[in-house]
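Remarks on the structure that follows.
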Amino acid sequence: MDASVDPCDDFYQFACGKFIKQSEGSYFQFTDKFVKEQLRVILEENVTSQEPRPFRVLKKIYQACMNTTSIELDGLTTIKSIIKDLGGWPVLKGRKWNQKKFDWKQSVYKFRNFGYNFNYFITVGTMSYKDTGNVSSNMLYIGPADVPRGAPSDLKQYLNEMVQVATVLGAKKSVAKRELNESLEFELNLNDKPLSRTEKP
């Protein structure tokens, strides 16, 4: 799976993205269309309790993304409910936000449990011992947080997208701009990559 991809934008990349990156070659390119068709057929089958949990989850996500009627009727109800379950978003809660109750470790756990990217404070993952020739062994990797990278124009776009999402969800635009700019600075500082004064979006 490639959890960095929104399953509603490109489900195949979400479900198989890392496999694709690791499986370069003409054979895979030749079978790519066939695999996509097979995957679509499998994902459209009914979910059964006998299937392994990852398969059930993928089917449910795919079917939820394909149910556009339900999506239109739901509006922002589900996403607001998910944000609440994850602990809330300060830019939306305003003065009701209680920072004393915020526990970043619990936040990481909740994001991971929901299936979202959770490497915002630190990056946790595994790496194989390729250099030793023993690809069956892995080591735990803990490193700096996944933070936005790129030119200042990319960071400005990233900030604008955050502000737009917050505004759609009910935040005041001026408040969202101020607070999310501070949030972006914090993200960059986690990796010791602060914006210079001339680069600020």
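Every chain in the structure tokens takes a letter, A first, then B, and so on in the order presented; its residues are numbered from 1, and the ligands are numbered from 1 following the presented order.
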
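DSSP, applied to the backbone of this structure, assigns strand (DSSP E) to the following residues of segment 41-189 of chain A: Thr123, Val124, Gly125, Thr126, Met127, Ser128, Tyr129, Asn134, Val135, Ser136, Ser137, Asn138, Met139, Leu140, Tyr141, Ile142 and Gly143 of chain A.
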
Self-check item: Polymer residues at most 8 Å from Pro144 of chain A, only C-alpha atoms, same-chain spacing of 6 or more positions, as JSON, numbers by chain
Solution: {"A": [121, 122, 123, 190, 191]}

Exercise. Write out as an MDAnalysis selection string all residues of chain A that DSSP puts in helix (DSSP H, G or I) for this structure's backbone.
Key: chainID A and resid 11:22 26:43 53:66 68:74 77:85 90:96 99:101 104:114 130:132 152:168 173:190

Quiz item: Any idea what's packed within 9 Å of Ile61 of chain A, counting only C-alpha atoms, ignoring anything in its chain fewer than 3 positions away? Could you give it as number ranges by chain?
Solution: A: 7-8, 11, 56-58, 64-66

Keeping only all heavy atoms, take the residues you just selected and write them out as a JSON list (two decimals), in the first residue's frame.
[["chain", "number", "residue", "atom", "x", "y", "z"],
["A", 7, "PRO", "N", -7.07, 7.27, -1.42],
["A", 7, "PRO", "CA", -7.71, 6.16, -2.14],
["A", 7, "PRO", "C", -8.86, 6.60, -3.04],
["A", 7, "PRO", "O", -9.17, 5.92, -4.02],
["A", 7, "PRO", "CB", -8.20, 5.24, -1.02],
["A", 7, "PRO", "CG", -8.23, 6.07, 0.20],
["A", 7, "PRO", "CD", -7.15, 7.09, 0.03],
["A", 8, "CYS", "N", -9.49, 7.72, -2.73],
["A", 8, "CYS", "CA", -10.57, 8.21, -3.58],
["A", 8, "CYS", "C", -10.05, 8.89, -4.84],
["A", 8, "CYS", "O", -10.79, 9.10, -5.79],
["A", 8, "CYS", "CB", -11.48, 9.16, -2.80],
["A", 8, "CYS", "SG", -12.44, 8.30, -1.53],
["A", 11, "PHE", "N", -7.20, 4.73, -6.38],
["A", 11, "PHE", "CA", -7.27, 3.59, -5.48],
["A", 11, "PHE", "C", -6.19, 2.55, -5.79],
["A", 11, "PHE", "O", -5.62, 1.96, -4.90],
["A", 11, "PHE", "CB", -8.65, 2.92, -5.54],
["A", 11, "PHE", "CG", -8.85, 1.93, -4.44],
["A", 11, "PHE", "CD1", -9.24, 2.35, -3.18],
["A", 11, "PHE", "CD2", -8.59, 0.59, -4.64],
["A", 11, "PHE", "CE1", -9.38, 1.44, -2.15],
["A", 11, "PHE", "CE2", -8.74, -0.33, -3.62],
["A", 11, "PHE", "CZ", -9.14, 0.10, -2.36],
["A", 56, "ARG", "N", -10.81, -6.85, 3.77],
["A", 56, "ARG", "CA", -12.11, -6.26, 4.12],
["A", 56, "ARG", "C", -12.03, -4.73, 4.14],
["A", 56, "ARG", "O", -12.92, -4.05, 3.62],
["A", 56, "ARG", "CB", -12.58, -6.77, 5.49],
["A", 56, "ARG", "CG", -12.86, -8.26, 5.54],
["A", 56, "ARG", "CD", -13.69, -8.66, 6.75],
["A", 56, "ARG", "NE", -13.20, -8.16, 8.01],
["A", 56, "ARG", "CZ", -12.35, -8.82, 8.80],
["A", 56, "ARG", "NH1", -11.88, -10.01, 8.43],
["A", 56, "ARG", "NH2", -11.96, -8.30, 9.95],
["A", 57, "VAL", "N", -10.94, -4.22, 4.71],
["A", 57, "VAL", "CA", -10.77, -2.77, 4.79],
["A", 57, "VAL", "C", -10.66, -2.16, 3.40],
["A", 57, "VAL", "O", -11.31, -1.15, 3.10],
["A", 57, "VAL", "CB", -9.52, -2.42, 5.65],
["A", 57, "VAL", "CG1", -9.20, -0.93, 5.56],
["A", 57, "VAL", "CG2", -9.75, -2.80, 7.10],
["A", 58, "LEU", "N", -9.83, -2.76, 2.54],
["A", 58, "LEU", "CA", -9.66, -2.23, 1.18],
["A", 58, "LEU", "C", -10.97, -2.24, 0.41],
["A", 58, "LEU", "O", -11.31, -1.27, -0.29],
["A", 58, "LEU", "CB", -8.60, -3.05, 0.42],
["A", 58, "LEU", "CG", -7.16, -2.80, 0.83],
["A", 58, "LEU", "CD1", -6.23, -3.78, 0.12],
["A", 58, "LEU", "CD2", -6.74, -1.38, 0.54],
["A", 64, "ALA", "N", -16.81, 2.58, -0.60],
["A", 64, "ALA", "CA", -17.22, 3.89, -0.09],
["A", 64, "ALA", "C", -16.85, 4.99, -1.07],
["A", 64, "ALA", "O", -17.63, 5.92, -1.30],
["A", 64, "ALA", "CB", -16.58, 4.15, 1.27],
["A", 65, "CYS", "N", -15.66, 4.89, -1.67],
["A", 65, "CYS", "CA", -15.22, 5.89, -2.64],
["A", 65, "CYS", "C", -16.07, 5.87, -3.91],
["A", 65, "CYS", "O", -16.27, 6.91, -4.55],
["A", 65, "CYS", "CB", -13.76, 5.67, -3.02],
["A", 65, "CYS", "SG", -12.60, 6.02, -1.69],
["A", 66, "MET", "N", -16.57, 4.69, -4.29],
["A", 66, "MET", "CA", -17.35, 4.56, -5.51],
["A", 66, "MET", "C", -18.82, 4.95, -5.33],
["A", 66, "MET", "O", -19.53, 5.16, -6.31],
["A", 66, "MET", "CB", -17.25, 3.13, -6.05],
["A", 66, "MET", "CG", -15.84, 2.72, -6.43],
["A", 66, "MET", "SD", -15.07, 3.83, -7.63],
["A", 66, "MET", "CE", -16.02, 3.47, -9.08]]

Quiz item: Looking at A:Asp32, A:Gln106, A:Asn119, A:Gly17, which one is nearest to Ile142 of chain A, with distances taken over only C-alpha atoms?
Solution: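 Between A:Asp32, A:Gln106, A:Asn119, A:Gly17, the residue approaching Ile142 of chain A most closely is A:Asn119.
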